[in-house]
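Peer 1: Following this line is work-v4.txt, made up of compact mmCIF, C-alpha atoms and all ligand atoms:
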# COMPACT_ATOMS: atom_id res chain seq x y z
CA MET A 120 -27.59 24.61 31.78
CA VAL A 121 -31.25 23.86 31.15
CA THR A 122 -32.21 20.34 30.15
CA HIS A 123 -35.52 18.70 29.36
CA ASN A 124 -37.80 16.06 30.80
CA SER A 125 -37.50 12.78 28.96
CA ASP A 126 -41.26 12.03 28.92
CA LEU A 127 -41.92 14.86 26.47
CA PRO A 128 -41.43 14.35 22.72
CA ALA A 129 -38.30 16.11 21.47
CA SER A 130 -37.64 17.01 17.86
CA PRO A 131 -34.06 16.52 16.59
CA THR A 132 -34.31 19.50 14.24
CA ALA A 133 -37.08 21.96 15.15
CA THR A 134 -37.03 24.53 17.94
CA TYR A 135 -40.15 25.45 19.86
CA ALA A 136 -40.90 28.51 21.99
CA HIS A 137 -42.33 27.58 25.39
CA ILE A 138 -43.74 29.83 28.09
CA VAL A 139 -41.60 28.84 31.07
CA GLY A 140 -42.30 31.74 33.44
CA TRP A 141 -45.19 34.07 34.24
CA GLY A 142 -45.77 36.91 36.67
CA MET A 143 -48.11 39.79 37.34
CA ALA A 144 -48.12 43.02 39.33
CA VAL A 145 -51.03 45.30 40.12
CA PRO A 146 -51.06 48.47 42.23
CA GLU A 147 -52.47 48.21 45.74
CA THR A 148 -54.92 51.08 45.38
CA VAL A 149 -58.42 49.90 44.49
CA LEU A 150 -60.95 52.22 42.84
CA THR A 151 -64.47 50.85 43.26
CA ASN A 152 -67.52 51.61 41.16
CA GLN A 153 -69.03 53.40 44.16
CA GLU A 154 -65.98 55.66 44.38
CA LEU A 155 -66.36 56.46 40.67
CA GLU A 156 -69.86 57.75 41.38
CA ALA A 157 -68.18 60.73 43.06
CA ILE A 158 -66.06 61.45 39.96
CA VAL A 159 -68.46 61.08 37.01
CA GLU A 160 -72.19 60.64 36.55
CA THR A 161 -72.40 56.89 36.74
CA ASN A 162 -73.47 54.20 39.15
CA ASP A 163 -72.32 50.81 40.38
CA GLU A 164 -75.37 49.02 38.97
CA TRP A 165 -74.84 50.39 35.42
CA ILE A 166 -71.14 49.51 35.41
CA ARG A 167 -71.69 45.97 36.76
CA THR A 168 -74.53 45.10 34.41
CA ARG A 169 -73.10 46.76 31.26
CA THR A 170 -69.47 45.67 31.74
CA GLY A 171 -69.06 43.15 34.60
CA ILE A 172 -66.45 45.40 36.25
CA HIS A 173 -66.65 45.91 40.04
CA GLU A 174 -63.33 47.63 40.70
CA ARG A 175 -59.96 48.41 39.15
CA ARG A 176 -56.42 49.18 40.38
CA ILE A 177 -54.86 52.62 40.13
CA ALA A 178 -51.09 53.24 40.13
CA GLY A 179 -49.72 55.23 43.05
CA GLU A 180 -47.51 58.28 42.72
CA ARG A 181 -44.32 56.24 42.77
CA GLU A 182 -45.61 53.54 40.42
CA SER A 183 -45.30 53.62 36.67
CA THR A 184 -45.64 51.41 33.60
CA ALA A 185 -41.99 50.37 33.92
CA SER A 186 -42.07 49.72 37.68
CA LEU A 187 -45.14 47.48 37.33
CA GLY A 188 -43.60 45.76 34.30
CA LEU A 189 -40.36 45.19 36.22
CA LYS A 190 -42.18 43.53 39.13
CA ALA A 191 -44.09 41.23 36.77
CA ALA A 192 -40.90 40.36 34.86
CA ARG A 193 -39.00 39.49 38.04
CA LYS A 194 -41.75 37.13 39.15
CA ALA A 195 -41.81 35.50 35.70
CA LEU A 196 -38.02 35.09 35.75
CA GLN A 197 -38.15 33.47 39.17
CA ILE A 198 -40.63 30.85 37.96
CA SER A 199 -38.53 30.21 34.85
CA ASN A 200 -35.39 29.60 36.96
CA LEU A 201 -33.53 31.94 34.63
CA LEU A 202 -31.42 34.98 35.42
CA PRO A 203 -31.60 38.45 33.85
CA THR A 204 -28.31 37.75 32.05
CA ASP A 205 -29.96 34.80 30.25
CA ILE A 206 -32.42 37.13 28.48
CA ASP A 207 -31.81 37.88 24.79
CA LEU A 208 -34.84 40.09 24.13
CA ILE A 209 -37.33 42.17 26.11
CA ILE A 210 -40.55 43.36 24.47
CA VAL A 211 -42.95 45.63 26.32
CA ALA A 212 -46.42 45.89 24.81
CA THR A 213 -47.93 49.14 26.04
CA SER A 214 -50.07 52.13 25.09
CA THR A 215 -48.85 54.07 28.11
CA PRO A 216 -45.05 54.01 27.78
CA GLU A 217 -42.84 55.96 30.16
CA ASN A 218 -41.50 57.98 27.24
CA ILE A 219 -41.75 58.05 23.47
CA PHE A 220 -38.12 57.00 23.90
CA PRO A 221 -36.16 55.61 25.64
CA SER A 222 -38.48 52.66 25.56
CA THR A 223 -40.10 51.22 28.67
CA ALA A 224 -38.43 47.96 27.64
CA SER A 225 -34.97 49.59 27.84
CA LEU A 226 -35.74 50.95 31.32
CA ILE A 227 -36.80 47.48 32.46
CA GLN A 228 -33.71 45.95 30.80
CA HIS A 229 -31.54 48.36 32.82
CA TRP A 230 -33.38 47.82 36.12
CA LEU A 231 -33.37 44.03 35.66
CA GLY A 232 -29.66 44.00 34.82
CA ALA A 233 -30.40 42.12 31.59
CA THR A 234 -27.07 43.18 30.13
CA LYS A 235 -27.22 40.88 27.09
CA ALA A 236 -30.75 41.74 25.98
CA GLY A 237 -32.16 43.82 23.17
CA ALA A 238 -35.26 45.78 24.16
CA PHE A 239 -38.10 47.60 22.46
CA ASP A 240 -41.70 48.70 23.00
CA LEU A 241 -44.51 47.41 20.85
CA SER A 242 -47.60 49.46 20.03
CA ALA A 243 -50.64 47.35 19.15
CA ALA A 244 -52.96 48.57 21.92
CA CYS A 245 -54.89 45.79 23.68
CA SER A 246 -53.63 43.20 21.16
CA GLY A 247 -50.01 44.10 21.96
CA PHE A 248 -49.23 41.21 24.29
CA VAL A 249 -50.27 38.58 21.72
CA TYR A 250 -48.30 40.45 19.01
CA GLY A 251 -45.27 40.50 21.36
CA VAL A 252 -45.44 36.78 22.17
CA ASP A 253 -45.72 36.07 18.45
CA MET A 254 -42.64 38.23 17.64
CA ALA A 255 -40.60 36.64 20.43
CA SER A 256 -41.63 33.09 19.55
CA GLN A 257 -40.75 33.65 15.87
CA ALA A 258 -37.30 34.90 16.92
CA ILE A 259 -36.85 31.81 19.11
CA ARG A 260 -38.09 29.37 16.48
CA SER A 261 -35.76 30.88 13.87
CA GLY A 262 -32.82 30.21 16.19
CA SER A 263 -31.95 33.89 16.45
CA ILE A 264 -32.51 34.01 20.22
CA GLN A 265 -32.98 31.59 23.11
CA VAL A 266 -34.82 33.52 25.83
CA ALA A 267 -37.30 36.39 25.61
CA VAL A 268 -39.37 38.27 28.16
CA VAL A 269 -42.66 39.68 26.89
CA ILE A 270 -44.42 42.15 29.15
CA GLY A 271 -47.81 43.83 28.87
CA ALA A 272 -47.77 46.87 31.15
CA GLU A 273 -50.08 49.85 31.45
CA THR A 274 -50.94 52.84 33.57
CA MET A 275 -54.22 53.58 31.80
CA SER A 276 -55.36 55.81 34.69
CA ARG A 277 -52.84 58.42 33.45
CA VAL A 278 -54.47 58.72 30.01
CA MET A 279 -58.09 58.68 31.15
CA ASP A 280 -60.30 61.67 30.60
CA TRP A 281 -61.91 61.53 34.05
CA GLN A 282 -64.87 63.51 32.72
CA ASP A 283 -65.69 60.89 30.09
CA ARG A 284 -67.87 58.22 31.69
CA GLY A 285 -67.77 56.21 28.47
CA THR A 286 -64.09 55.34 29.07
CA CYS A 287 -62.93 56.18 32.61
CA ILE A 288 -65.11 53.53 34.26
CA LEU A 289 -63.56 50.78 32.16
CA PHE A 290 -59.81 50.94 32.55
CA GLY A 291 -57.26 50.03 35.22
CA ASP A 292 -53.50 49.71 35.75
CA GLY A 293 -51.26 46.65 35.97
CA ALA A 294 -48.69 44.45 34.29
CA GLY A 295 -48.14 40.84 33.36
CA ALA A 296 -45.10 39.10 31.90
CA VAL A 297 -44.04 35.78 30.44
CA VAL A 298 -40.62 34.26 29.80
CA LEU A 299 -40.31 32.33 26.54
CA LYS A 300 -37.55 29.82 26.06
CA ALA A 301 -36.24 27.73 23.17
CA SER A 302 -36.59 23.98 23.46
CA PRO A 303 -36.59 20.97 21.10
CA ILE A 304 -39.67 19.67 22.96
CA GLN A 305 -42.78 19.94 20.81
CA GLY A 306 -45.33 22.44 22.06
CA GLY A 307 -45.31 26.03 23.23
CA VAL A 308 -46.60 28.59 20.73
CA LEU A 309 -48.32 26.56 18.00
CA SER A 310 -49.97 29.21 15.83
CA SER A 311 -50.98 32.83 15.70
CA VAL A 312 -53.04 35.22 13.63
CA LEU A 313 -52.24 38.95 13.72
CA ARG A 314 -54.56 41.43 12.02
CA SER A 315 -55.09 45.18 11.65
CA ASP A 316 -57.76 47.39 10.10
CA GLY A 317 -56.50 50.96 10.24
CA SER A 318 -59.76 52.24 8.77
CA GLY A 319 -61.10 51.97 12.34
CA GLY A 320 -58.33 54.14 13.78
CA ASP A 321 -60.86 56.83 14.61
CA LEU A 322 -62.80 54.51 16.94
CA LEU A 323 -60.33 54.52 19.83
CA GLY A 324 -56.97 56.01 20.46
CA ILE A 325 -54.71 58.43 22.32
CA PRO A 326 -53.43 61.38 20.23
CA THR A 327 -49.81 62.20 21.08
CA VAL A 328 -46.70 64.08 20.00
CA GLY A 329 -46.67 63.24 16.31
CA SER A 330 -50.32 64.17 15.81
CA ALA A 331 -50.07 67.85 14.89
CA ASP A 332 -48.97 71.27 16.14
CA LEU A 333 -48.24 70.85 19.84
CA ARG A 334 -47.61 74.54 20.44
CA ASN A 335 -51.29 74.92 21.14
CA PRO A 336 -51.94 73.26 24.52
CA ASP A 337 -55.66 73.03 23.77
CA PHE A 338 -54.99 71.21 20.56
CA ALA A 339 -57.33 68.33 19.93
CA VAL A 340 -57.29 65.83 17.07
CA ASN A 341 -60.77 65.51 15.57
CA GLY A 342 -62.14 66.87 18.83
CA HIS A 343 -60.15 64.43 20.97
CA LYS A 344 -57.96 65.69 23.80
CA MET A 345 -54.18 65.34 23.51
CA HIS A 346 -52.75 62.42 25.53
CA LYS A 347 -56.25 61.34 26.62
CA MET A 348 -58.05 58.25 25.49
CA PHE A 349 -61.17 58.45 23.35
CA MET A 350 -63.43 55.59 22.29
CA ASN A 351 -66.60 54.91 20.38
CA GLY A 352 -67.67 52.10 22.71
CA GLY A 353 -70.60 50.80 20.68
CA GLU A 354 -68.59 50.39 17.47
CA VAL A 355 -65.65 48.80 19.28
CA PHE A 356 -68.08 46.42 20.96
CA LYS A 357 -69.43 45.28 17.55
CA PHE A 358 -65.93 44.92 16.12
CA ALA A 359 -64.76 42.88 19.13
CA THR A 360 -67.66 40.44 19.08
CA ARG A 361 -67.14 39.91 15.33
CA VAL A 362 -63.39 39.23 15.36
CA ILE A 363 -62.89 37.14 18.52
CA GLY A 364 -64.56 33.93 17.33
CA GLU A 365 -63.30 34.39 13.77
CA SER A 366 -59.64 34.80 14.71
CA ILE A 367 -59.66 32.01 17.32
CA ASP A 368 -61.05 29.70 14.63
CA GLN A 369 -58.27 30.81 12.24
CA ALA A 370 -55.54 30.21 14.84
CA LEU A 371 -57.03 26.78 15.67
CA ASP A 372 -57.11 25.89 11.95
CA LYS A 373 -53.45 26.80 11.63
CA ALA A 374 -52.62 24.56 14.60
CA ASP A 375 -54.76 21.76 13.16
CA LEU A 376 -57.00 21.79 16.23
CA ASN A 377 -60.62 22.58 16.92
CA ILE A 378 -62.40 24.37 19.73
CA GLN A 379 -63.08 21.09 21.60
CA ASP A 380 -59.30 20.69 22.02
CA VAL A 381 -59.05 23.98 23.93
CA ALA A 382 -58.92 23.83 27.74
CA LEU A 383 -59.11 27.59 28.27
CA ILE A 384 -59.40 30.81 26.26
CA VAL A 385 -57.66 33.79 27.83
CA PRO A 386 -59.24 36.83 26.16
CA HIS A 387 -58.47 40.53 26.46
CA GLN A 388 -60.55 41.65 29.45
CA ALA A 389 -62.75 44.44 28.10
CA ASN A 390 -66.36 43.64 28.88
CA GLN A 391 -68.13 40.52 30.23
CA ARG A 392 -70.83 40.97 27.59
CA ILE A 393 -68.16 40.78 24.85
CA ILE A 394 -66.95 37.48 26.35
CA GLN A 395 -70.52 36.14 26.45
CA ALA A 396 -71.11 37.13 22.81
CA ALA A 397 -67.81 35.50 21.76
CA ALA A 398 -68.80 32.31 23.60
CA ARG A 399 -72.10 32.27 21.69
CA SER A 400 -70.33 32.77 18.37
CA LEU A 401 -67.93 29.88 19.11
CA LYS A 402 -70.83 27.77 20.48
CA VAL A 403 -69.03 27.15 23.79
CA GLU A 404 -69.90 27.80 27.43
CA PRO A 405 -68.77 31.25 28.70
CA ASP A 406 -66.70 29.54 31.40
CA LEU A 407 -64.31 28.30 28.71
CA PHE A 408 -63.14 31.93 28.83
CA MET A 409 -60.95 33.14 31.70
CA SER A 410 -62.43 36.28 33.21
CA ASN A 411 -61.08 38.47 35.99
CA LEU A 412 -62.21 41.87 34.75
CA ASP A 413 -64.53 42.21 37.73
CA ARG A 414 -61.43 43.01 39.86
CA TYR A 415 -59.10 44.77 37.40
CA GLY A 416 -61.26 46.28 34.64
CA ASN A 417 -59.59 46.66 31.26
CA THR A 418 -55.80 46.86 31.66
CA SER A 419 -55.23 46.99 27.88
CA ALA A 420 -52.02 45.12 26.88
CA ALA A 421 -51.62 43.83 30.45
CA SER A 422 -54.99 42.11 30.66
CA ILE A 423 -54.11 38.81 28.95
CA PRO A 424 -50.90 38.09 30.90
CA ILE A 425 -52.60 39.08 34.18
CA ALA A 426 -55.53 36.76 33.42
CA LEU A 427 -53.07 34.04 32.36
CA CYS A 428 -51.23 34.26 35.71
CA GLU A 429 -54.46 34.01 37.67
CA ALA A 430 -55.64 31.09 35.52
CA VAL A 431 -52.42 29.22 36.33
CA GLN A 432 -52.73 30.10 40.05
CA GLN A 433 -56.31 28.82 40.05
CA GLY A 434 -55.24 25.52 38.43
CA ARG A 435 -57.26 26.22 35.29
CA ILE A 436 -54.28 25.45 33.04
CA LYS A 437 -52.37 22.19 33.33
CA PRO A 438 -49.38 20.81 31.42
CA ASP A 439 -50.27 19.64 27.90
CA ASP A 440 -53.45 21.77 27.82
CA HIS A 441 -54.16 23.76 24.69
CA VAL A 442 -54.77 27.40 25.57
CA ALA A 443 -55.91 30.22 23.26
CA PHE A 444 -55.17 33.93 23.69
CA VAL A 445 -57.22 36.58 21.91
CA GLY A 446 -56.63 40.32 21.97
CA PHE A 447 -58.49 43.18 20.25
CA GLY A 448 -58.37 46.95 20.42
CA GLY A 449 -56.96 50.18 19.02
CA GLY A 450 -55.62 50.20 15.49
CA LEU A 451 -57.94 48.52 15.01
CA THR A 452 -55.87 45.45 15.80
CA TRP A 453 -56.71 41.92 16.83
CA ALA A 454 -54.69 38.78 17.38
CA SER A 455 -55.21 35.16 18.37
CA MET A 456 -52.75 32.50 19.39
CA VAL A 457 -52.86 28.85 20.34
CA ILE A 458 -50.26 27.38 22.67
CA LYS A 459 -49.61 23.98 24.12
CA TRP A 460 -48.94 24.71 27.75
CA THR A 461 -45.87 23.02 29.16
CA GLY A 462 -45.37 25.50 31.96
CA ASN A 463 -41.90 25.24 33.40
CA LYS A 464 -41.96 21.48 32.82
CA VAL A 465 -39.24 21.99 30.19
CA VAL A 466 -36.96 23.68 32.72
CA GLU A 467 -35.04 21.36 34.96
CA SER A 468 -34.22 22.39 38.51
CA SER A 469 -30.48 21.97 38.07
CA GLY A 470 -29.93 25.38 36.49
CA PRO A 471 -29.76 28.76 38.17
CA GLY A 472 -33.07 27.76 39.77
CA PHE A 473 -30.92 26.46 42.59
CA LEU A 474 -30.56 30.09 43.62
CA THR A 475 -32.44 30.72 46.85
CA PRO A 476 -34.82 33.71 46.77
CA GLN A 477 -32.22 35.66 48.79
CA ARG A 478 -29.41 34.88 46.34
CA ARG A 479 -31.68 35.70 43.41
CA GLN A 480 -32.54 39.01 45.09
CA PHE A 481 -28.84 39.65 45.63
CA SER A 482 -28.07 38.91 41.97
CA TYR A 483 -30.73 41.49 40.98
CA LEU A 484 -29.17 44.03 43.33
CA LEU A 485 -25.71 43.34 41.97
CA ALA A 486 -26.91 43.79 38.40
CA ARG A 487 -28.66 47.00 39.39
CA TRP A 488 -25.57 48.36 41.18
CA ARG A 489 -23.40 47.60 38.16
CA ALA A 490 -25.85 49.36 35.88
CA ASP A 491 -26.07 52.35 38.23
CA LEU A 492 -22.29 52.44 38.54
CA ARG A 493 -22.04 52.55 34.76
CA ARG A 494 -24.40 55.51 34.62
CA ILE A 495 -22.57 57.36 37.42
CA SER A 496 -19.16 56.71 35.89
CA ARG A 497 -20.48 57.99 32.55
CA GLN A 498 -21.68 61.17 34.24
CA ILE A 499 -18.37 61.68 36.11
CA SER A 500 -16.48 60.99 32.93
CA GLN A 501 -18.46 63.62 31.06
CA PHE A 502 -17.86 66.08 33.89
CA VAL A 503 -14.11 65.45 34.03
CA ASN A 504 -13.79 65.55 30.25
CA ASN A 505 -15.47 68.91 30.26
CA LEU A 506 -12.87 70.15 32.74
CA ARG A 507 -9.80 68.79 31.00
CA PRO A 508 -9.50 67.44 27.50
CA GLY A 509 -7.79 64.10 26.85
CA ARG A 510 -8.29 60.62 28.15
CA SER A 511 -9.03 60.47 31.90
CA ARG A 512 -8.75 57.64 34.45
CA ILE A 513 -12.52 57.75 34.75
CA GLN A 514 -12.81 57.18 31.02
CA ARG A 515 -10.55 54.12 31.36
CA LEU A 516 -12.79 52.86 34.21
CA GLN A 517 -15.80 53.35 31.97
CA ASP A 518 -14.11 51.33 29.19
CA LYS A 519 -13.33 48.55 31.69
CA LEU A 520 -16.96 48.42 32.81
CA ASP A 521 -18.09 48.26 29.20
CA ARG A 522 -15.74 45.34 28.57
CA LEU A 523 -17.24 43.45 31.56
CA ASP A 524 -20.55 43.03 29.65
O1 LIG A 601 -59.83 47.60 25.18
C1 LIG A 601 -60.32 48.21 24.04
C2 LIG A 601 -61.55 47.58 23.64
N1 LIG A 601 -62.67 48.27 24.24
C3 LIG A 601 -63.81 47.68 24.35
O2 LIG A 601 -63.91 46.52 24.02
C4 LIG A 601 -65.00 48.45 24.82
C5 LIG A 601 -66.19 48.02 24.04
N2 LIG A 601 -67.41 48.75 24.38
C6 LIG A 601 -68.09 48.54 25.53
O3 LIG A 601 -67.66 47.77 26.38
C7 LIG A 601 -69.40 49.22 25.72
O4 LIG A 601 -69.80 49.79 24.50
C8 LIG A 601 -69.40 50.31 26.83
C9 LIG A 601 -69.28 49.66 28.18
C10 LIG A 601 -68.28 51.29 26.60
C11 LIG A 601 -70.72 51.05 26.78
O5 LIG A 601 -71.80 50.14 26.94
P1 LIG A 601 -73.07 50.22 25.98
O6 LIG A 601 -73.99 49.17 26.40
O7 LIG A 601 -72.57 50.18 24.57
O8 LIG A 601 -73.68 51.61 26.37
P2 LIG A 601 -73.98 52.85 25.42
O9 LIG A 601 -72.74 53.59 25.11
O10 LIG A 601 -74.86 52.42 24.29
O11 LIG A 601 -74.86 53.73 26.37
C12 LIG A 601 -76.16 53.30 26.86
C13 LIG A 601 -76.67 54.35 27.81
C14 LIG A 601 -76.61 55.76 27.25
O12 LIG A 601 -77.71 56.50 27.77
P3 LIG A 601 -79.02 56.76 26.88
O13 LIG A 601 -78.52 57.51 25.68
O14 LIG A 601 -79.54 55.41 26.55
O15 LIG A 601 -79.88 57.55 27.79
C15 LIG A 601 -75.34 56.31 27.85
O16 LIG A 601 -75.34 57.72 27.95
O17 LIG A 601 -75.86 54.36 28.99
C16 LIG A 601 -75.33 55.67 29.21
N3 LIG A 601 -74.02 55.53 29.75
C17 LIG A 601 -73.79 55.46 31.08
N4 LIG A 601 -74.59 55.51 32.14
C18 LIG A 601 -74.03 55.39 33.36
C19 LIG A 601 -72.84 55.45 29.09
N5 LIG A 601 -71.85 55.30 29.96
C20 LIG A 601 -72.39 55.31 31.19
C21 LIG A 601 -71.87 55.21 32.49
N6 LIG A 601 -72.71 55.24 33.54
N7 LIG A 601 -70.54 55.06 32.72
Write out the structure in this file as structure tokens.
Ligand code: UT7

Peer 2:
Amino acid sequence: MVTHNSDLPASPTATYAHIVGWGMAVPETVLTNQELEAIVETNDEWIRTRTGIHERRIAGERESTASLGLKAARKALQISNLLPTDIDLIIVATSTPENIFPSTASLIQHWLGATKAGAFDLSAACSGFVYGVDMASQAIRSGSIQVAVVIGAETMSRVMDWQDRGTCILFGDGAGAVVLKASPIQGGVLSSVLRSDGSGGDLLGIPTVGSADLRNPDFAVNGHKMHKMFMNGGEVFKFATRVIGESIDQALDKADLNIQDVALIVPHQANQRIIQAAARSLKVEPDLFMSNLDRYGNTSAASIPIALCEAVQQGRIKPDDHVAFVGFGGGLTWASMVIKWTGNKVVESSGPGFLTPQRRQFSYLLARWRADLRRISRQISQFVNNLRPGRSRIQRLQDKLDRLD
């Protein structure tokens, strides 16, 4: 049972959605600018001065969008003191899902053992994480759910055209996650602004299965390669610098705050020059913006939660601070959000947080075994049913397992 600290104002009627857990996961493999010089015609100096990026992480053979997302979600759950079975909803914002379906969110739900959760993927490119937090917080505030996990996870290296120096130098892989929880304490997600302008859909994207006739392997949409990312960098740059300040102002207006009330802005990590231009347009110092793109590049939907985790680790966000998120990218889409950071201050340590790391690990394993057992029993059941018609013992075992949920 989760209770609340008495020094925080509680509302008798309203429900608020607080971020009570956060976690990130990046692959170990580092790809430096110097190493990129051997792949495309570029150089370290150009990349540093034009983008601010020094290196990025690249997923290994056994890593994927879901495996990175799972790691980030587990860390976020641990901080929140909640268990996978407490989760009502999992949203994965990604442009590099494991499959068209099943969703990456469903895979993570299964691996986590979140047996009571709904799960779906959300496609809003680099704005996806902010869209996801907004969707989850609305569901919490309406009373429809209590706990949600929102993950931004990407393996951008798999959709890069490694001959296109205009894109492949920018992107990297990684994942970040937050746990949102209902609470009567005022704060958490205060406001958000979600926008789209589909007329700019030709400026960046990744053509995939629904695009056109896939029987031709050389098929390209408007000259763009199938399953590879394309971008008109200059136009996206102009769009980004225009919308960041504008949408942060709109989200602040909605929350009845102004820019002086903001302790930190956590922007999508695309280009240091975009951050500098946004700071100029908001008339604030660039260090009001969190920036870690020098080490990770642009990790699309994962960049905001990764930067958020590092900001918390570095002590740049403290309880009661107002923090703004701003995402922008393919769609075109953009989104801003203002939160009042409570951290896990609203979670008391008398809940499942009493679990030691070993017991927590064991509970994950147990959930995973149960889920695997369900899959195996389903497969055996299908096999036996194929051999002999009628209701088998295996089928009854399957029914029992289903009833356990
Ligand atoms: O997450 C989605 C959102 N995406 C973004 O926000 C990306 C926004 N766009 C950008 O960050 C920048 O537009 C880029 C970093 C992609 C490009 O920077 P730029 O300052 O707009 O460069 P540019 O495309 O105007 O190119 C300038 C010059 C060109 O050479 P010339 O024509 O002046 O001789 C390019 O061919 O730089 C050249 N160039 C490069 N040189 C070395 C372009 N890419 C590279 C490269 N290495 N990788």

Peer 1: Given a cut-off of 7 Å, what residues near ligand LIG 601 (chain A) show up using all atoms listed in the file, put as a list in words?

Peer 2: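 If we count all atoms listed in the file, the neighbours of ligand LIG 601 (chain A) turn out to be Glu160, Thr161, Asn162, Trp165, Ile166, Arg169, Thr170, Cys245, Arg284, Gly285, Thr286, Ile288, Gly352, Gly353, Val355, Phe356, Ala359, Ala389, Asn390, Asn417, Ser419, Phe447, Gly448 and Gly449 of chain A.
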
Peer 1: Nearest to Ile158 (chain A): which of A:Leu187, A:Cys287, A:Val139, A:Leu492 is it, counting only C-alpha atoms?

Peer 2: A:Cys287

Peer 1: Would you pick out the contacts of Ser199 (chain A) at 7 Å or less, using all atoms listed in the file, so that residues sharing its chain but fewer than 5 positions from it are not included, and give the list as a compact mmCIF listing (two decimals) with C-alpha atoms, in the frame of the given file?

Peer 2:
# COMPACT_ATOMS: atom_id res chain seq x y z
CA VAL A 139 -41.60 28.84 31.07
CA GLY A 140 -42.30 31.74 33.44
CA VAL A 298 -40.62 34.26 29.80
CA ASN A 463 -41.90 25.24 33.40

Peer 1: Figure out the distance between CA of Val465 (chain A) and CA of Ala238 (chain A), please, to one decimal in Å.

Peer 2: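 Going from CA of Ala238 (chain A) over to CA of Val465 (chain A), I get 24.9 Å.
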
Peer 1: For the interface of region 359-422 of chain A with region 174-178 of chain A (cut-off 9 Å, counting all atoms listed in the file), please tabulate each contacting residue of region 359-422 of chain A alongside its nearest pair of atoms and their separation in Å to one decimal, rows sorted by chain and increasing number, as CSV.

Peer 2:
residue,atom,partner,partner_atom,distance
A:Leu412,CA,A:Arg175,CA,8.2
A:Asp413,CA,A:Glu174,CA,6.3
A:Arg414,CA,A:Glu174,CA,5.1
A:Tyr415,CA,A:Arg175,CA,4.1
A:Gly416,CA,A:Arg175,CA,5.2
A:Asn417,CA,A:Arg175,CA,8.1
A:Thr418,CA,A:Arg175,CA,8.7

Peer 1: Output the selection as a PDB file, keeping the file's coordinate frame - C-alpha atoms for each residue.

Peer 2:
ATOM      1  CA  LEU A 412     -62.210  41.870  34.750  1.00  0.00           C
ATOM      2  CA  ASP A 413     -64.530  42.210  37.730  1.00  0.00           C
ATOM      3  CA  ARG A 414     -61.430  43.010  39.860  1.00  0.00           C
ATOM      4  CA  TYR A 415     -59.100  44.770  37.400  1.00  0.00           C
ATOM      5  CA  GLY A 416     -61.260  46.280  34.640  1.00  0.00           C
ATOM      6  CA  ASN A 417     -59.590  46.660  31.260  1.00  0.00           C
ATOM      7  CA  THR A 418     -55.800  46.860  31.660  1.00  0.00           C
TER       8      THR A 418
END

Peer 1: For Met350 (chain A), which residue out of A:Asn411, A:Asp321, A:Asp375, A:Ile206 is the nearest one, using all atoms listed in the file?

Peer 2: A:Asp321

Peer 1: Please put the answer as AutoDock Vina command-line options: centre and edge lengths, in Å with one decimal, of a box along x, y and z that encloses all listed atoms of region 443-449 of chain A plus 3 Å on each side.

Peer 2:
--center_x -56.8 --center_y 40.2 --center_z 21.4 --size_x 9.3 --size_y 26.0 --size_z 10.7

Peer 1: Set the distance at 12 Å and use all atoms listed in the file: which residues neighbour Ile227 (chain A) once local chain neighbours fewer than 2 positions away are removed? I'd like the list as a short mmCIF file (atom, residue, chain, number, x, y, z; two decimals) with C-alpha atoms, in the frame of the given file.

Peer 2:
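What follows is the written file result37.cif:
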data_model
loop_
_atom_site.label_atom_id
_atom_site.label_comp_id
_atom_site.auth_asym_id
_atom_site.auth_seq_id
_atom_site.Cartn_x
_atom_site.Cartn_y
_atom_site.Cartn_z
CA SER A 183 -45.30 53.62 36.67
CA THR A 184 -45.64 51.41 33.60
CA ALA A 185 -41.99 50.37 33.92
CA SER A 186 -42.07 49.72 37.68
CA LEU A 187 -45.14 47.48 37.33
CA GLY A 188 -43.60 45.76 34.30
CA LEU A 189 -40.36 45.19 36.22
CA LYS A 190 -42.18 43.53 39.13
CA ALA A 191 -44.09 41.23 36.77
CA ALA A 192 -40.90 40.36 34.86
CA ARG A 193 -39.00 39.49 38.04
CA PRO A 203 -31.60 38.45 33.85
CA ILE A 206 -32.42 37.13 28.48
CA LEU A 208 -34.84 40.09 24.13
CA ILE A 209 -37.33 42.17 26.11
CA ILE A 210 -40.55 43.36 24.47
CA VAL A 211 -42.95 45.63 26.32
CA PRO A 216 -45.05 54.01 27.78
CA GLU A 217 -42.84 55.96 30.16
CA PRO A 221 -36.16 55.61 25.64
CA SER A 222 -38.48 52.66 25.56
CA THR A 223 -40.10 51.22 28.67
CA ALA A 224 -38.43 47.96 27.64
CA SER A 225 -34.97 49.59 27.84
CA HIS A 229 -31.54 48.36 32.82
CA TRP A 230 -33.38 47.82 36.12
CA LEU A 231 -33.37 44.03 35.66
CA GLY A 232 -29.66 44.00 34.82
CA ALA A 233 -30.40 42.12 31.59
CA THR A 234 -27.07 43.18 30.13
CA ALA A 236 -30.75 41.74 25.98
CA GLY A 237 -32.16 43.82 23.17
CA ALA A 238 -35.26 45.78 24.16
CA PHE A 239 -38.10 47.60 22.46
CA ASP A 240 -41.70 48.70 23.00
CA VAL A 268 -39.37 38.27 28.16
CA VAL A 269 -42.66 39.68 26.89
CA ILE A 270 -44.42 42.15 29.15
CA ALA A 272 -47.77 46.87 31.15
CA ALA A 296 -45.10 39.10 31.90
CA ARG A 487 -28.66 47.00 39.39
CA ALA A 490 -25.85 49.36 35.88
#

Peer 1: Arg260 (chain A): which residues within 12 Å, counting only C-alpha atoms, same-chain residues fewer than 4 positions away excluded, as a PyMOL selection string?

Peer 2: chain A and resi 132-137+252-256+264-267+299-310
